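Enquirer: The structure file run_36.cif (mmCIF, C-alpha atoms) is provided below.
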```cif
data_model
#
loop_
_atom_site.label_atom_id
_atom_site.label_comp_id
_atom_site.auth_asym_id
_atom_site.auth_seq_id
_atom_site.Cartn_x
_atom_site.Cartn_y
_atom_site.Cartn_z
CA MET A 24 -11.16 -5.46 -17.65
CA CYS A 25 -12.75 -4.34 -20.86
CA GLY A 26 -10.99 -1.79 -23.05
CA ALA A 27 -13.66 0.88 -22.48
CA CYS A 28 -13.28 0.62 -18.69
CA GLU A 29 -9.51 0.73 -18.92
CA ASP A 30 -9.62 3.74 -21.26
CA ALA A 31 -11.94 5.56 -18.82
CA LEU A 32 -9.47 5.24 -15.93
CA LEU A 33 -7.62 8.41 -15.02
CA PHE A 34 -4.23 8.13 -13.35
CA LEU A 35 -3.48 10.38 -10.40
CA PRO A 36 -0.45 12.57 -11.02
CA PRO A 37 2.80 11.15 -9.61
CA VAL A 38 3.09 13.75 -6.86
CA TRP A 39 3.77 13.13 -3.17
CA GLN A 40 0.68 13.86 -1.12
CA GLU A 41 0.83 15.57 2.25
CA ALA A 42 3.19 13.83 4.62
CA LEU A 43 1.84 12.14 7.74
CA VAL A 44 4.59 11.96 10.34
CA PRO A 45 6.77 9.95 10.12
CA LEU A 46 5.97 9.42 6.42
CA ARG A 47 7.72 11.82 4.06
CA GLY A 48 4.78 11.51 1.71
CA SER A 49 2.44 9.08 0.02
CA VAL A 50 1.37 8.54 -3.55
CA ALA A 51 -1.40 6.57 -5.29
CA VAL A 52 -2.06 5.41 -8.84
CA PHE A 53 -5.84 5.98 -8.97
CA ALA A 54 -8.69 7.73 -7.21
CA TYR A 55 -10.82 5.10 -5.47
CA ASP A 56 -14.07 6.70 -6.61
CA GLN A 57 -13.54 5.59 -10.20
CA PRO A 58 -15.87 2.62 -10.79
CA ALA A 59 -13.19 0.42 -12.41
CA THR A 60 -10.71 1.16 -9.60
CA ARG A 61 -13.27 0.32 -6.92
CA ALA A 62 -14.24 -2.86 -8.83
CA MET A 63 -10.61 -4.07 -8.97
CA VAL A 64 -9.95 -3.42 -5.28
CA THR A 65 -13.28 -4.98 -4.27
CA ALA A 66 -12.66 -8.06 -6.43
CA LEU A 67 -9.24 -8.56 -4.86
CA LYS A 68 -10.03 -7.70 -1.26
CA TYR A 69 -13.56 -9.01 -0.74
CA ARG A 70 -14.13 -11.57 -3.49
CA TYR A 71 -10.62 -13.01 -3.09
CA SER A 72 -10.00 -12.81 -6.83
CA GLU A 73 -6.25 -12.86 -7.35
CA ARG A 74 -6.90 -12.81 -11.14
CA VAL A 75 -7.16 -9.03 -10.96
CA VAL A 76 -3.52 -8.65 -9.80
CA PRO A 77 -1.99 -8.86 -13.32
CA VAL A 78 -4.41 -6.14 -14.49
CA MET A 79 -3.48 -3.97 -11.51
CA SER A 80 0.22 -4.64 -12.15
CA GLY A 81 -0.12 -3.59 -15.78
CA LEU A 82 -1.82 -0.37 -14.74
CA ILE A 83 0.88 0.33 -12.13
CA ALA A 84 3.49 -0.25 -14.87
CA ARG A 85 1.79 2.32 -17.12
CA TRP A 86 1.66 4.82 -14.25
CA LEU A 87 5.36 4.24 -13.54
CA LEU A 88 6.21 4.83 -17.21
CA ASP A 89 4.14 8.04 -17.17
CA GLY A 90 6.39 9.57 -14.50
CA GLY A 91 5.69 7.55 -11.38
CA ARG A 92 9.10 5.84 -11.42
CA GLU A 93 10.73 9.09 -10.31
CA MET A 94 8.78 8.88 -7.05
CA PHE A 95 10.68 5.89 -5.72
CA PRO A 96 14.24 5.94 -4.37
CA ALA A 97 16.23 3.46 -6.48
CA ASP A 98 17.77 1.94 -3.35
CA GLY A 99 14.42 1.65 -1.55
CA VAL A 100 12.95 -1.44 0.04
CA ILE A 101 9.27 -2.22 -0.56
CA VAL A 102 7.33 -3.26 2.55
CA PRO A 103 3.72 -4.48 2.35
CA VAL A 104 1.21 -3.61 5.06
CA PRO A 105 0.79 -6.91 6.94
CA LEU A 106 -2.52 -8.61 7.63
CA HIS A 107 -3.30 -10.16 10.99
CA ARG A 108 -2.90 -13.95 10.85
CA ARG A 109 -6.67 -14.49 11.24
CA ARG A 110 -7.54 -12.23 8.32
CA TYR A 111 -4.78 -13.87 6.27
CA ALA A 112 -6.30 -17.28 7.05
CA GLU A 113 -9.73 -16.02 5.86
CA ARG A 114 -8.41 -14.65 2.55
CA GLY A 115 -5.51 -16.96 1.89
CA PHE A 116 -3.39 -14.03 0.72
CA ASN A 117 -2.49 -10.46 1.59
CA GLN A 118 -3.62 -8.02 -1.11
CA ALA A 119 -0.96 -5.49 -0.07
CA GLU A 120 1.73 -8.18 -0.51
CA LEU A 121 0.47 -9.01 -4.00
CA ILE A 122 0.59 -5.34 -5.00
CA ALA A 123 4.01 -4.90 -3.32
CA GLU A 124 5.40 -7.91 -5.18
CA ALA A 125 4.12 -6.53 -8.49
CA LEU A 126 5.66 -3.13 -7.71
CA GLY A 127 8.93 -4.78 -6.69
CA ARG A 128 9.12 -6.72 -9.97
CA LEU A 129 8.35 -3.60 -12.00
CA LEU A 130 10.93 -1.48 -10.16
CA GLY A 131 13.51 -4.24 -9.75
CA GLN A 132 13.55 -3.58 -6.01
CA PRO A 133 13.32 -5.99 -3.07
CA VAL A 134 10.09 -6.69 -1.21
CA VAL A 135 10.79 -7.33 2.47
CA ARG A 136 8.29 -8.19 5.18
CA LEU A 137 9.69 -5.94 7.90
CA LEU A 138 6.42 -5.45 9.75
CA LYS A 139 4.11 -7.64 11.78
CA ARG A 140 0.53 -6.87 12.80
CA THR A 141 0.27 -7.51 16.52
CA ARG A 142 -3.51 -7.54 16.83
CA ALA A 143 -6.59 -7.88 14.69
CA THR A 144 -8.21 -4.56 13.84
CA ARG A 145 -11.68 -3.75 12.57
CA HIS A 146 -12.09 -3.02 8.87
CA GLN A 147 -11.30 0.64 8.24
CA THR A 148 -13.94 1.02 5.52
CA LEU A 149 -16.94 2.33 7.48
CA GLN A 150 -15.11 4.10 10.28
CA THR A 151 -14.78 7.83 10.88
CA ARG A 152 -11.45 9.56 10.41
CA LEU A 153 -10.72 9.56 14.16
CA LEU A 154 -11.72 5.90 14.60
CA ARG A 155 -9.45 4.87 11.70
CA TRP A 156 -6.46 6.38 13.51
CA GLN A 157 -7.44 4.82 16.84
CA ASN A 158 -8.14 1.44 15.23
CA VAL A 159 -4.59 0.95 13.90
CA ASP A 160 -2.65 2.83 16.57
CA GLY A 161 0.01 0.47 17.91
CA ALA A 162 -1.15 -2.42 15.69
CA PHE A 163 2.24 -2.86 13.96
CA VAL A 164 5.76 -3.68 15.11
CA VAL A 165 9.03 -4.37 13.37
CA ALA A 166 9.11 -8.12 12.75
CA PRO A 167 11.48 -10.25 14.82
CA ASN A 168 14.77 -10.80 12.99
CA ALA A 169 14.04 -7.90 10.59
CA VAL A 170 17.14 -6.18 9.29
CA ILE A 171 16.90 -2.40 9.24
CA ASP A 172 19.84 -1.22 7.15
CA GLY A 173 19.19 2.48 6.59
CA ARG A 174 17.71 2.20 3.09
CA PRO A 175 14.54 4.16 2.28
CA ILE A 176 11.31 2.22 2.80
CA ILE A 177 8.18 2.31 0.66
CA ILE A 178 5.14 0.95 2.56
CA VAL A 179 2.53 -0.50 0.18
CA ASP A 180 -1.22 -0.87 0.68
CA ASP A 181 -4.19 -1.36 -1.62
CA VAL A 182 -6.21 1.72 -0.60
CA THR A 183 -5.47 4.73 1.55
CA THR A 184 -8.04 7.19 2.87
CA THR A 185 -6.77 9.08 5.89
CA GLY A 186 -3.26 7.61 5.78
CA ALA A 187 -3.77 6.10 9.25
CA THR A 188 -2.58 2.61 8.31
CA LEU A 189 0.47 3.85 6.40
CA ALA A 190 1.44 6.15 9.27
CA ALA A 191 0.86 3.40 11.86
CA CYS A 192 3.20 1.15 9.86
CA ALA A 193 5.80 3.92 9.58
CA ARG A 194 6.00 4.66 13.32
CA PRO A 195 7.79 1.46 14.43
CA LEU A 196 10.11 1.70 11.42
CA ALA A 197 11.03 5.27 12.36
CA ALA A 198 11.56 4.17 15.98
CA ALA A 199 13.94 1.50 14.63
CA GLY A 200 15.99 4.21 12.92
CA VAL A 201 14.62 4.41 9.37
CA GLN A 202 15.01 7.99 8.17
CA LYS A 203 13.14 7.94 4.84
CA ILE A 204 9.71 6.31 4.79
CA TYR A 205 7.19 6.71 1.97
CA GLY A 206 3.69 5.34 1.34
CA PHE A 207 2.27 3.86 -1.86
CA ALA A 208 -1.30 2.75 -2.54
CA PHE A 209 -3.01 1.45 -5.63
CA ALA A 210 -5.93 3.77 -4.86
CA ARG A 211 -6.63 6.82 -2.73
CA GLU A 212 -10.00 7.96 -1.48
CA LEU A 213 -10.20 11.64 -2.29
#
```
Is it possible to express this structure as structure tokens?
Expert:
Amino acid sequence: MCGACEDALLFLPPVWQEALVPLRGSVAVFAYDQPATRAMVTALKYRYSERVVPVMSGLIARWLLDGGREMFPADGVIVPVPLHRRRYAERGFNQAELIAEALGRLLGQPVVRLLKRTRATRHQTLQTRLLRWQNVDGAFVVAPNAVIDGRPIIIVDDVTTTGATLAACARPLAAAGVQKIYGFAFAREL
């Protein structure tokens, strides 16, 4: 990313957004409508360019230093939103995992794959608000052999719009007894 593009980026304030049951809240680093933010997410998600991850990690680090660190429980576990095995085979990686691993390194907190996607879902991008919720409803379960130990969980995704995916991931975790569940995204559609 060029210096001018990076300088033009505006961080979102580190404030929990409205909670979507069972999430206690969610937070994002950037607004998705910023051209550089959209370009990074698009390069990672649709052009399969993992080279953008260090840039995204550096920006997350700056956001954390600017007050974002206070948003995350120090004893929390970071859980990436899982991809369905077919979509993983297409991409060769899970963009949410890459972002979760970067966040985990920056925070010094564990990244644990507690969730499994049980069925392929349509891309959320062009769907209405209602269809986004219906699309991911029941699409996630707690992974076999997952250890739920009562620590807070931070679910990580690349982009959040309605919060449907984060909430769908949180439901099976809450059913398994997790009391504190938060959402984190690199970008939020406003």
Enquirer: By how many Å are CA of Tyr71 in chain A and CA of Thr141 in chain A apart?
Expert: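 Distance reported for this atom pair: 23.1 Å.
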Enquirer: Can you pull out the residues contacting Val104 in chain A? Cut-off 7 Å, using all atoms listed in the file, and skip same-chain residues under 4 positions away; I want them as a list of chain:residue names.
Expert: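 The residues that qualify are A:Ala119, A:Ile178, A:Val179, A:Asp180.
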Enquirer: Go ahead and save the picked residues with C-alpha atoms, as a CSV table (one decimal), in the coordinates of the input.
Expert:
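Ended up saving to result14.csv:
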```
chain,number,residue,atom,x,y,z
A,119,ALA,CA,-1.0,-5.5,-0.1
A,178,ILE,CA,5.1,1.0,2.6
A,179,VAL,CA,2.5,-0.5,0.2
A,180,ASP,CA,-1.2,-0.9,0.7
```
Enquirer: Identify all residues satisfying the PyMOL selection byres ((chain A and resi 196-212) around 6) in the given file; provide them as a PyMOL selection string.
Expert: chain A and resi 46-55+173+175-184+193-195+213
Enquirer: Suppose a student applies the PyMOL selection byres ((chain A and resi 168) around 12) to this structure; what residues should they get, written as a list in words?
Expert: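 Against this file, the PyMOL selection byres ((chain A and resi 168) around 12) returns the residues Val135, Arg136, Leu137, Leu138, Lys139, Val164, Val165, Ala166, Pro167, Ala169, Val170 and Ile171 of chain A.
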Enquirer: Taking the file above as input, evaluate the PyMOL selection byres ((chain A and resi 128) around 12) and report the hits as a list in words.
Expert: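 Against this file, the PyMOL selection byres ((chain A and resi 128) around 12) returns the residues Pro77, Ser80, Gly81, Ile83, Ala84, Val100, Ile101, Leu121, Ile122, Ala123, Glu124, Ala125, Leu126, Gly127, Leu129, Leu130, Gly131, Gln132, Pro133 and Val134 of chain A.
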Enquirer: Is there a way to get, as a PyMOL selection string, all residues within 10 Å of the point (-6.5, -5.8, -8.7) in file coordinates, counting all atoms listed in the file?
Expert: chain A and resi 59-68+72-82+118+121-122+181+209
Enquirer: Which polymer residues have any atom within 10 Å of an atom of range 155-160 of chain A, counting all atoms listed in the file, with same-chain residues fewer than 6 positions away left out, as a ChimeraX atom specification?
Expert: /A:140,142-149,184-192,194
Enquirer: To one decimal in Å, tell me the separation between CA of Gly115 in chain A and CA of Phe163 in chain A.
Expert: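 Going from CA of Gly115 in chain A over to CA of Phe163 in chain A covers 20.1 Å.
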Enquirer: Would you work out the distance separating CA of Gly90 in chain A from CA of Val38 in chain A, expressed in Å to one decimal?
Expert: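 A separation of 9.3 Å between them.
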